>>> print(open('data_17.txt').read())   # compact mmCIF, C-alpha atoms
# COMPACT_ATOMS: atom_id res chain seq x y z
CA MET A 1 0.46 -33.36 -1.23
CA GLN A 2 2.45 -36.35 -2.50
CA LYS A 3 5.53 -34.11 -2.84
CA MET A 4 5.17 -32.97 0.78
CA ILE A 5 4.94 -36.57 1.98
CA ALA A 6 7.88 -37.66 -0.19
CA ASN A 7 9.99 -34.85 1.28
CA GLY A 8 9.11 -35.92 4.83
CA GLU A 9 7.04 -32.77 5.39
CA ARG A 10 3.67 -32.45 7.02
CA ILE A 11 0.76 -31.57 4.75
CA ASP A 12 -0.03 -27.86 4.85
CA ALA A 13 -3.79 -28.08 4.39
CA LYS A 14 -4.24 -24.40 3.51
CA ILE A 15 -1.69 -24.45 0.68
CA VAL A 16 -2.86 -27.75 -0.81
CA TYR A 17 -6.60 -27.19 -0.64
CA GLY A 18 -6.43 -23.46 -1.23
CA GLY A 19 -4.65 -24.04 -4.53
CA PHE A 20 -7.14 -26.74 -5.54
CA ALA A 21 -10.15 -24.56 -4.70
CA MET A 22 -8.69 -21.55 -6.52
CA ASP A 23 -8.12 -23.57 -9.70
CA VAL A 24 -11.60 -25.11 -9.67
CA ILE A 25 -13.55 -21.93 -8.97
CA ALA A 26 -11.53 -19.90 -11.50
CA GLN A 27 -12.49 -22.46 -14.14
CA THR A 28 -16.16 -22.85 -13.15
CA ALA A 29 -16.85 -19.16 -12.50
CA PHE A 30 -14.76 -17.48 -15.21
CA GLY A 31 -13.44 -20.22 -17.51
CA ILE A 32 -9.84 -19.39 -16.57
CA GLU A 33 -7.30 -22.20 -16.55
CA ILE A 34 -4.61 -21.52 -13.95
CA ASN A 35 -2.27 -23.49 -11.75
CA SER A 36 -2.28 -21.43 -8.59
CA GLN A 37 -0.11 -23.89 -6.65
CA GLU A 38 2.74 -23.36 -9.11
CA ASP A 39 2.13 -19.87 -10.54
CA LEU A 40 1.56 -17.61 -7.53
CA ASN A 41 2.37 -14.51 -9.63
CA HIS A 42 -0.51 -15.02 -12.06
CA PRO A 43 -2.40 -11.68 -11.97
CA PHE A 44 -5.74 -13.39 -11.31
CA VAL A 45 -4.32 -15.39 -8.40
CA ARG A 46 -2.51 -12.40 -6.91
CA ASP A 47 -5.51 -10.05 -6.98
CA ALA A 48 -7.96 -12.77 -5.94
CA LYS A 49 -5.93 -13.57 -2.82
CA LEU A 50 -5.77 -9.89 -1.86
CA LEU A 51 -9.52 -9.62 -2.28
CA LEU A 52 -10.15 -12.78 -0.28
CA SER A 53 -7.93 -11.53 2.52
CA PHE A 54 -9.93 -8.31 2.70
CA VAL A 55 -13.31 -10.10 2.71
CA ALA A 56 -12.17 -12.39 5.54
CA SER A 57 -11.11 -9.45 7.72
CA ASP A 58 -13.23 -7.72 10.32
CA SER A 59 -14.15 -4.83 8.02
CA TRP A 60 -15.59 -1.70 9.56
CA TYR A 61 -18.25 -1.35 6.87
CA ARG A 62 -19.69 -4.82 7.60
CA VAL A 63 -20.22 -3.90 11.24
CA ALA A 64 -21.79 -0.59 10.25
CA LEU A 65 -24.23 -2.19 7.81
CA THR A 66 -25.26 -4.83 10.34
CA ILE A 67 -26.18 -2.15 12.88
CA LEU A 68 -27.68 0.34 10.43
CA PRO A 69 -28.59 -1.14 7.00
CA SER A 70 -29.77 2.31 5.90
CA LEU A 71 -26.09 3.31 5.65
CA MET A 72 -25.70 1.21 2.48
CA PRO A 73 -25.50 4.16 0.00
CA ILE A 74 -22.86 5.94 2.12
CA VAL A 75 -20.80 2.80 2.71
CA THR A 76 -20.99 1.89 -0.98
CA PHE A 77 -19.58 5.31 -1.93
CA LEU A 78 -16.77 5.10 0.65
CA VAL A 79 -15.73 1.57 -0.32
CA THR A 80 -15.91 2.34 -4.04
CA TYR A 81 -14.08 5.65 -4.15
CA ILE A 82 -12.15 6.19 -0.90
CA TYR A 83 -11.45 2.94 0.99
CA LYS A 84 -10.98 0.72 -2.04
CA GLN A 85 -10.83 -3.01 -1.40
CA PRO A 86 -7.30 -4.42 -1.91
CA GLY A 87 -7.12 -6.44 -5.11
CA TRP A 88 -10.55 -5.37 -6.35
CA THR A 89 -9.34 -2.95 -9.05
CA GLY A 90 -7.08 -5.54 -10.71
CA PHE A 91 -9.52 -8.40 -10.16
CA SER A 92 -12.52 -6.58 -11.63
CA ALA A 93 -10.45 -5.30 -14.57
CA TYR A 94 -9.32 -8.86 -15.32
CA VAL A 95 -12.94 -10.09 -15.30
CA GLN A 96 -14.02 -7.13 -17.40
CA ARG A 97 -11.45 -8.06 -20.06
CA ILE A 98 -12.90 -11.59 -20.13
CA ILE A 99 -16.40 -10.16 -20.64
CA GLN A 100 -15.26 -7.92 -23.49
CA GLN A 101 -13.40 -10.79 -25.13
CA ARG A 102 -16.46 -13.05 -24.89
CA LYS A 103 -18.68 -10.38 -26.43
CA SER A 104 -16.24 -9.79 -29.29
CA ASP A 105 -16.07 -13.54 -29.93
CA GLY A 106 -19.81 -13.59 -30.59
CA LYS A 107 -21.43 -17.02 -30.90
CA SER A 108 -18.10 -18.82 -30.61
CA ALA A 109 -17.99 -17.70 -26.97
CA GLN A 110 -21.05 -19.84 -26.27
CA MET A 111 -18.83 -22.91 -26.22
CA HIS A 112 -17.84 -21.84 -22.70
CA THR A 113 -19.89 -23.36 -19.89
CA ASP A 114 -18.75 -21.28 -16.91
CA PHE A 115 -20.97 -19.18 -14.66
CA LEU A 116 -19.95 -15.89 -16.27
CA GLN A 117 -20.91 -17.16 -19.72
CA MET A 118 -24.30 -18.30 -18.45
CA ILE A 119 -25.03 -14.72 -17.38
CA LEU A 120 -23.80 -13.32 -20.70
CA ASP A 121 -25.86 -15.83 -22.70
CA TYR A 122 -28.98 -14.84 -20.78
CA GLU A 123 -28.37 -11.14 -21.29
CA GLU A 124 -27.82 -11.66 -25.01
CA ASN A 125 -31.57 -12.22 -25.30
CA GLU A 126 -32.49 -9.17 -23.18
CA LYS A 127 -33.31 -5.80 -24.68
CA THR A 128 -31.61 -2.65 -23.40
CA THR A 129 -33.38 0.34 -21.91
CA ASN A 130 -31.44 3.62 -21.97
CA GLY A 131 -28.20 1.71 -22.43
CA ARG A 132 -28.88 -0.57 -19.46
CA LEU A 133 -29.66 -4.25 -19.69
CA LYS A 134 -33.08 -5.13 -18.31
CA SER A 135 -31.51 -7.77 -16.06
CA LEU A 136 -28.02 -6.73 -14.90
CA SER A 137 -25.55 -3.95 -15.64
CA GLU A 138 -21.95 -4.84 -16.50
CA ALA A 139 -20.88 -3.94 -12.95
CA GLU A 140 -23.59 -6.24 -11.60
CA VAL A 141 -22.47 -9.06 -13.90
CA ILE A 142 -18.94 -8.75 -12.48
CA GLY A 143 -20.38 -8.59 -8.98
CA GLN A 144 -22.48 -11.74 -9.39
CA ALA A 145 -19.58 -13.72 -10.85
CA THR A 146 -17.35 -12.49 -8.03
CA VAL A 147 -19.85 -13.61 -5.39
CA ILE A 148 -19.89 -17.16 -6.76
CA PHE A 149 -16.09 -17.06 -6.80
CA LEU A 150 -15.78 -15.91 -3.19
CA GLY A 151 -18.48 -18.30 -1.98
CA GLY A 152 -17.11 -21.30 -3.84
CA TYR A 153 -13.48 -20.76 -2.92
CA GLU A 154 -13.53 -20.08 0.80
CA THR A 155 -16.20 -22.61 1.75
CA THR A 156 -14.36 -25.37 -0.11
CA SER A 157 -10.82 -24.72 1.09
CA THR A 158 -11.88 -24.13 4.70
CA THR A 159 -14.06 -27.24 4.86
CA LEU A 160 -11.32 -29.42 3.36
CA GLN A 161 -8.83 -28.20 5.96
CA PHE A 162 -11.04 -29.07 8.92
CA LEU A 163 -12.24 -32.29 7.29
CA THR A 164 -8.63 -33.46 6.94
CA HIS A 165 -8.00 -32.58 10.58
CA ASN A 166 -11.03 -34.63 11.69
CA LEU A 167 -10.12 -37.63 9.54
CA ALA A 168 -6.63 -37.64 11.04
CA LEU A 169 -8.03 -37.27 14.56
CA TYR A 170 -10.53 -40.12 14.07
CA PRO A 171 -8.75 -42.85 12.05
CA GLU A 172 -11.62 -45.32 12.40
CA ILE A 173 -13.94 -42.86 10.65
CA GLN A 174 -11.30 -42.21 8.00
CA GLU A 175 -11.06 -45.91 7.18
CA LYS A 176 -14.84 -46.23 7.07
CA VAL A 177 -14.91 -43.49 4.43
CA VAL A 178 -12.13 -45.22 2.49
CA GLU A 179 -14.06 -48.49 2.57
CA GLU A 180 -17.20 -46.79 1.27
CA ILE A 181 -15.20 -45.31 -1.62
CA LYS A 182 -13.86 -48.77 -2.49
CA VAL A 183 -17.29 -50.38 -2.39
CA GLN A 184 -19.22 -47.67 -4.24
CA LEU A 185 -16.62 -46.45 -6.76
CA GLY A 186 -13.85 -49.04 -6.88
CA ASP A 187 -10.95 -47.70 -8.93
CA GLY A 188 -13.21 -46.09 -11.52
CA ASP A 189 -13.53 -42.48 -12.57
CA VAL A 190 -14.93 -40.00 -10.08
CA THR A 191 -18.25 -38.76 -11.46
CA TYR A 192 -21.16 -36.68 -10.21
CA GLU A 193 -23.34 -39.79 -10.09
CA GLY A 194 -20.62 -41.72 -8.28
CA VAL A 195 -20.01 -39.28 -5.44
CA ALA A 196 -23.78 -39.04 -4.90
CA LYS A 197 -23.61 -42.65 -3.64
CA LEU A 198 -21.15 -41.75 -0.86
CA LYS A 199 -23.69 -41.26 1.91
CA TYR A 200 -21.30 -41.77 4.81
CA LEU A 201 -18.77 -39.30 3.36
CA ASP A 202 -21.63 -36.83 3.05
CA SER A 203 -22.41 -37.32 6.76
CA VAL A 204 -18.75 -36.83 7.71
CA ILE A 205 -18.62 -33.59 5.71
CA SER A 206 -21.84 -32.33 7.31
CA GLU A 207 -20.57 -33.06 10.81
CA THR A 208 -17.33 -31.24 10.01
CA LEU A 209 -19.37 -28.25 8.82
CA ARG A 210 -21.34 -28.36 12.06
CA MET A 211 -18.18 -28.21 14.15
CA TYR A 212 -16.34 -25.76 11.89
CA PRO A 213 -18.81 -23.73 9.80
CA PRO A 214 -17.09 -21.68 7.05
CA LEU A 215 -18.88 -18.55 8.28
CA ASN A 216 -19.03 -17.54 11.95
CA ILE A 217 -22.09 -15.35 11.51
CA VAL A 218 -24.69 -14.47 8.90
CA ASN A 219 -26.72 -11.27 8.72
CA ARG A 220 -30.21 -10.72 7.31
CA LEU A 221 -32.69 -7.85 6.97
CA ALA A 222 -36.13 -8.31 8.54
CA SER A 223 -38.72 -8.12 5.73
CA GLU A 224 -41.56 -7.66 8.22
CA THR A 225 -42.09 -7.04 11.92
CA VAL A 226 -42.05 -10.27 13.90
CA THR A 227 -42.01 -11.29 17.57
CA ILE A 228 -39.99 -14.37 18.58
CA LYS A 229 -40.06 -15.55 22.22
CA GLY A 230 -41.04 -12.11 23.42
CA VAL A 231 -38.45 -10.24 21.35
CA THR A 232 -39.87 -7.95 18.65
CA ILE A 233 -37.78 -7.42 15.53
CA PRO A 234 -39.07 -4.43 13.54
CA LYS A 235 -39.28 -4.43 9.78
CA GLY A 236 -36.03 -3.23 8.22
CA ALA A 237 -33.87 -4.14 11.22
CA GLY A 238 -30.57 -5.92 10.72
CA VAL A 239 -30.40 -9.38 12.29
CA LEU A 240 -27.12 -11.08 13.15
CA VAL A 241 -27.30 -14.88 13.47
CA PRO A 242 -24.43 -16.54 15.44
CA ILE A 243 -24.10 -19.70 13.35
CA VAL A 244 -21.57 -21.43 15.59
CA ASN A 245 -23.83 -21.09 18.63
CA VAL A 246 -26.76 -22.70 16.86
CA LEU A 247 -24.60 -25.56 15.56
CA ASN A 248 -23.41 -26.29 19.11
CA ASP A 249 -26.82 -26.10 20.79
CA PRO A 250 -27.53 -29.41 22.61
CA GLU A 251 -31.24 -28.92 21.91
CA TYR A 252 -30.58 -29.64 18.23
CA PHE A 253 -27.29 -31.54 18.41
CA PRO A 254 -26.96 -33.65 21.59
CA GLU A 255 -23.37 -33.97 22.86
CA PRO A 256 -22.14 -31.22 20.50
CA GLU A 257 -18.56 -31.68 21.73
CA LYS A 258 -18.38 -35.07 20.00
CA PHE A 259 -17.68 -35.78 16.33
CA ILE A 260 -20.64 -37.99 15.34
CA PRO A 261 -21.23 -38.24 11.56
CA GLU A 262 -24.29 -40.43 12.18
CA ARG A 263 -26.17 -37.26 13.18
CA PHE A 264 -26.59 -36.68 9.46
CA SER A 265 -27.80 -40.11 8.38
CA GLU A 266 -31.05 -40.02 6.41
CA GLU A 267 -33.13 -41.19 9.37
CA ASN A 268 -31.59 -38.73 11.85
CA LYS A 269 -31.78 -35.70 9.58
CA GLY A 270 -35.53 -36.12 9.25
CA SER A 271 -36.08 -35.85 12.99
CA ARG A 272 -34.36 -32.45 13.33
CA ASN A 273 -35.52 -28.96 12.42
CA PRO A 274 -33.70 -28.34 9.09
CA ILE A 275 -33.07 -24.68 9.90
CA ALA A 276 -30.79 -25.77 12.78
CA PHE A 277 -28.09 -26.72 10.24
CA LEU A 278 -26.76 -23.32 9.19
CA PRO A 279 -23.19 -23.58 7.86
CA PHE A 280 -24.32 -22.10 4.53
CA GLY A 281 -27.23 -20.05 5.84
CA PHE A 282 -30.82 -20.98 5.05
CA GLY A 283 -33.73 -20.00 2.83
CA PRO A 284 -33.76 -18.12 -0.49
CA ARG A 285 -30.47 -16.39 0.33
CA VAL A 286 -28.56 -19.54 1.19
CA CYS A 287 -24.90 -19.50 0.07
CA ILE A 288 -24.86 -19.45 -3.72
CA GLY A 289 -21.76 -21.67 -3.82
CA MET A 290 -23.10 -24.38 -1.46
CA ARG A 291 -23.74 -27.20 -3.94
CA LEU A 292 -20.55 -26.54 -5.85
CA ALA A 293 -18.55 -26.45 -2.63
CA ILE A 294 -19.95 -29.78 -1.38
CA LEU A 295 -19.32 -31.42 -4.74
CA GLU A 296 -15.73 -30.14 -4.79
CA VAL A 297 -15.10 -31.41 -1.27
CA LYS A 298 -16.39 -34.88 -2.11
CA ILE A 299 -14.43 -35.21 -5.34
CA ALA A 300 -11.24 -33.88 -3.75
CA MET A 301 -11.51 -36.23 -0.78
CA VAL A 302 -12.08 -39.29 -2.99
CA HIS A 303 -8.92 -38.56 -4.96
CA VAL A 304 -6.90 -37.79 -1.82
CA LEU A 305 -8.02 -40.78 0.27
CA ARG A 306 -7.29 -43.16 -2.59
CA ARG A 307 -3.64 -42.15 -2.34
CA VAL A 308 -3.02 -40.74 1.14
CA LYS A 309 -3.63 -41.88 4.70
CA PHE A 310 -3.80 -39.15 7.35
CA ILE A 311 -2.01 -40.03 10.59
CA LYS A 312 -3.22 -39.27 14.11
CA THR A 313 -0.47 -37.48 16.05
CA ASP A 314 -0.18 -36.26 19.64
CA ASP A 315 -0.64 -32.61 18.72
CA LEU A 316 -4.16 -33.36 17.53
CA GLN A 317 -5.20 -34.41 21.04
CA ILE A 318 -7.61 -31.63 21.95
CA THR A 319 -11.39 -31.90 21.97
CA THR A 320 -13.23 -29.89 19.35
CA TYR A 321 -15.78 -28.62 21.86
CA MET A 322 -13.10 -27.13 24.10
CA ILE A 323 -11.47 -25.53 21.07
CA LEU A 324 -14.74 -23.84 20.16
CA LEU A 325 -15.43 -22.67 23.71
CA LEU A 326 -11.97 -21.21 24.02
CA LEU A 327 -11.46 -19.71 20.60
CA TYR A 328 -14.77 -17.87 20.58
CA ALA A 329 -13.97 -16.48 24.01
CA CYS A 330 -10.57 -15.44 22.62
CA LEU A 331 -8.83 -17.40 25.39
CA VAL A 332 -6.87 -19.92 23.33
CA SER A 333 -3.17 -19.85 24.18
CA PRO A 334 -0.45 -20.18 21.50
CA LYS A 335 0.16 -23.80 22.41
CA ASP A 336 -3.34 -24.84 21.32
CA LYS A 337 -3.61 -26.42 17.94
CA ILE A 338 -6.52 -24.68 16.21
CA ARG A 339 -7.52 -21.07 16.64
CA ILE A 340 -9.85 -19.04 14.45
CA LEU A 341 -8.66 -15.55 13.57
CA PRO A 342 -10.28 -13.23 16.16
CA GLY A 343 -13.00 -11.03 14.68
CA SER A 344 -12.92 -12.84 11.32
CA LEU A 345 -16.12 -13.33 9.35
CA LEU A 346 -14.71 -16.61 8.04
CA SER A 347 -13.55 -19.58 10.10
CA SER A 348 -9.95 -19.24 9.02
CA PRO A 349 -7.31 -20.96 11.20
CA GLU A 350 -4.87 -18.48 12.70
CA ARG A 351 -2.02 -20.93 12.18
CA PRO A 352 -1.58 -23.53 9.42
CA ILE A 353 -3.21 -26.91 9.94
CA LEU A 354 -0.31 -29.34 9.47
CA ILE A 355 -1.24 -33.01 9.07
CA GLU A 356 1.10 -36.00 8.87
CA GLY A 357 0.36 -38.37 6.02
CA VAL A 358 1.67 -41.49 4.30
CA LEU A 359 1.03 -42.89 0.85
CA ARG A 360 -1.39 -45.80 0.69
CA GLU A 361 -0.25 -48.98 -0.96
>>> encode(input="data_17.txt", output="structure tokens")
Amino acid sequence: MQKMIANGERIDAKIVYGGFAMDVIAQTAFGIEINSQEDLNHPFVRDAKLLLSFVASDSWYRVALTILPSLMPIVTFLVTYIYKQPGWTGFSAYVQRIIQQRKSDGKSAQMHTDFLQMILDYEENEKTTNGRLKSLSEAEVIGQATVIFLGGYETTSTTLQFLTHNLALYPEIQEKVVEEIKVQLGDGDVTYEGVAKLKYLDSVISETLRMYPPLNIVNRLASETVTIKGVTIPKGAGVLVPIVNVLNDPEYFPEPEKFIPERFSEENKGSRNPIAFLPFGFGPRVCIGMRLAILEVKIAMVHVLRRVKFIKTDDLQITTYMILLLLYACLVSPKDKIRILPGSLLSSPERPILIEGVLRE
């Protein structure tokens, strides 16, 4: 980011934050140290980006499973053996090599503290039945670690992009966040306990997530038959929840077109139905990477705002509410500044978010 500013360039939020998120999640999920902003040809980075691109697309199998969940065995076979996901073969093989290396290292591997090692440590104490671990198979271990990777990467990089856009668009809020960082942390190290004190930053992040949730929709399977406002949902039916609609419902969020971080102050949060805030889903199947993603966003923003000031420019002059109305109706023209990829599961900007910035004194 500092290099971009020094060269007189605008900050490409996707490149900067995408590289940061990739490095962090690779370390926390798999214990891999990479520098994805510099080494784009690293096999892990290359295959991970292909896989992420596929997951973000409007995949036919996701639509099929939402309509008919009973198709899962057929779709699983097709995706595994016929319509293979781009990047998955190399990505899974890379993770599999890590697993085999950890197992061959024995107890010395326990020095690792990543998510993958936590699973392996747990399974070390499990007995096998017919060659299968009582908890998870090797394929399931890879799958679980991959889920935390996908969840932690995309939620973090997407939220940071839109958060930067909002801080540039509302300079008075940006400076309020900077002041809170100075008061609560000073120039000291950024720690877990320290960022927990940044209540206003937390509110700003939550309001950004309300306006720009990482996921456009979330699907669930009805565990029992239930009737809601006259509509009966039978047991086993797929349910599609339009997250963005809920987060812009005036019943829960008055004046949803406005960026108001105070909605998420401690006193205001208590007066609202908690299930109305759905950027990470809700309940026992809430996004597995939620806490890690929020922590990453806070730590990243503290480091960035200590050094960089985002500048409000004329091309940011468009209300968020109108953006949402237009982009979800697929009516945004090329001249508009933010557009979500049509049909995408993830709230990925169609064009790069470019922000002007200067170094703070």
>>> residues_around(input="data_17.txt", residues="A:Leu292", least_positions_apart="6", cutoff="12 Å", atoms="only C-alpha atoms", output="list in words")
Ala21, Val24, Ile25, Thr28, Ala29, Phe115, Ile148, Phe149, Leu150, Gly151, Gly152, Tyr153, Glu154, Thr155, Thr156, Tyr192, Phe280, Lys298 and Ile299 of chain A
>>> atom_distance(input="data_17.txt", atom1="atom CA of A:Val286", atom2="atom CA of A:Val304")
28.5 Å
>>> atom_distance(input="data_17.txt", atom1="atom CA of A:Asp189", atom2="atom CA of A:Gln27")
20.1 Å
>>> atom_distance(input="data_17.txt", atom1="atom CA of A:Arg210", atom2="atom CA of A:Leu247")
5.5 Å
>>> residues_around(input="data_17.txt", residues="A:Asp12", least_positions_apart="5", cutoff="9 Å", atoms="all atoms listed in the file", output="PyMOL selection string")
chain A and resi 1+4+17+161+352-355
>>> closest_residue(input="data_17.txt", among="A:Arg351, A:Pro242, A:Phe310, A:Ala168", to="A:Gln2", atoms="all atoms listed in the file")
A:Phe310
>>> axis_aligned_box(input="data_17.txt", around="stretch 13-21 of chain A", padding_each_side="5 Å", output="AutoDock Vina command-line options")
--center_x -5.9 --center_y -25.8 --center_z -0.6 --size_x 18.5 --size_y 14.6 --size_z 19.9
>>> residues_around(input="data_17.txt", residues="A:Pro274", least_positions_apart="4", cutoff="12 Å", atoms="only C-alpha atoms", output="number ranges by chain")
A: 246-247, 252-253, 264, 268-270, 278-279, 281-283
>>> write_last_selection(input="data_17.txt", atoms="C-alpha atoms", output="PDB file, in the coordinates of the input")
ATOM      1  CA  VAL A 246     -26.760 -22.700  16.860  1.00  0.00           C
ATOM      2  CA  LEU A 247     -24.600 -25.560  15.560  1.00  0.00           C
ATOM      3  CA  TYR A 252     -30.580 -29.640  18.230  1.00  0.00           C
ATOM      4  CA  PHE A 253     -27.290 -31.540  18.410  1.00  0.00           C
ATOM      5  CA  PHE A 264     -26.590 -36.680   9.460  1.00  0.00           C
ATOM      6  CA  ASN A 268     -31.590 -38.730  11.850  1.00  0.00           C
ATOM      7  CA  LYS A 269     -31.780 -35.700   9.580  1.00  0.00           C
ATOM      8  CA  GLY A 270     -35.530 -36.120   9.250  1.00  0.00           C
ATOM      9  CA  LEU A 278     -26.760 -23.320   9.190  1.00  0.00           C
ATOM     10  CA  PRO A 279     -23.190 -23.580   7.860  1.00  0.00           C
ATOM     11  CA  GLY A 281     -27.230 -20.050   5.840  1.00  0.00           C
ATOM     12  CA  PHE A 282     -30.820 -20.980   5.050  1.00  0.00           C
ATOM     13  CA  GLY A 283     -33.730 -20.000   2.830  1.00  0.00           C
TER      14      GLY A 283
END
>>> residues_around(input="data_17.txt", residues="stretch 36-53 of chain A", least_positions_apart="5", cutoff="10 Å", atoms="all atoms listed in the file", output="list in words")
Ile15, Val16, Tyr17, Gly18, Gly19, Phe20, Ala21, Met22, Asp23, Ala26, Gln85, Pro86, Gly87, Trp88, Thr89, Gly90, Phe91, Ser92, Ala93, Tyr94, Val95, Thr146, Phe149, Leu150, Tyr153 and Glu154 of chain A
>>> closest_residue(input="data_17.txt", among="A:Leu167, A:Val177, A:Val183, A:Ser203", to="A:Glu267", atoms="all atoms listed in the file")
A:Ser203
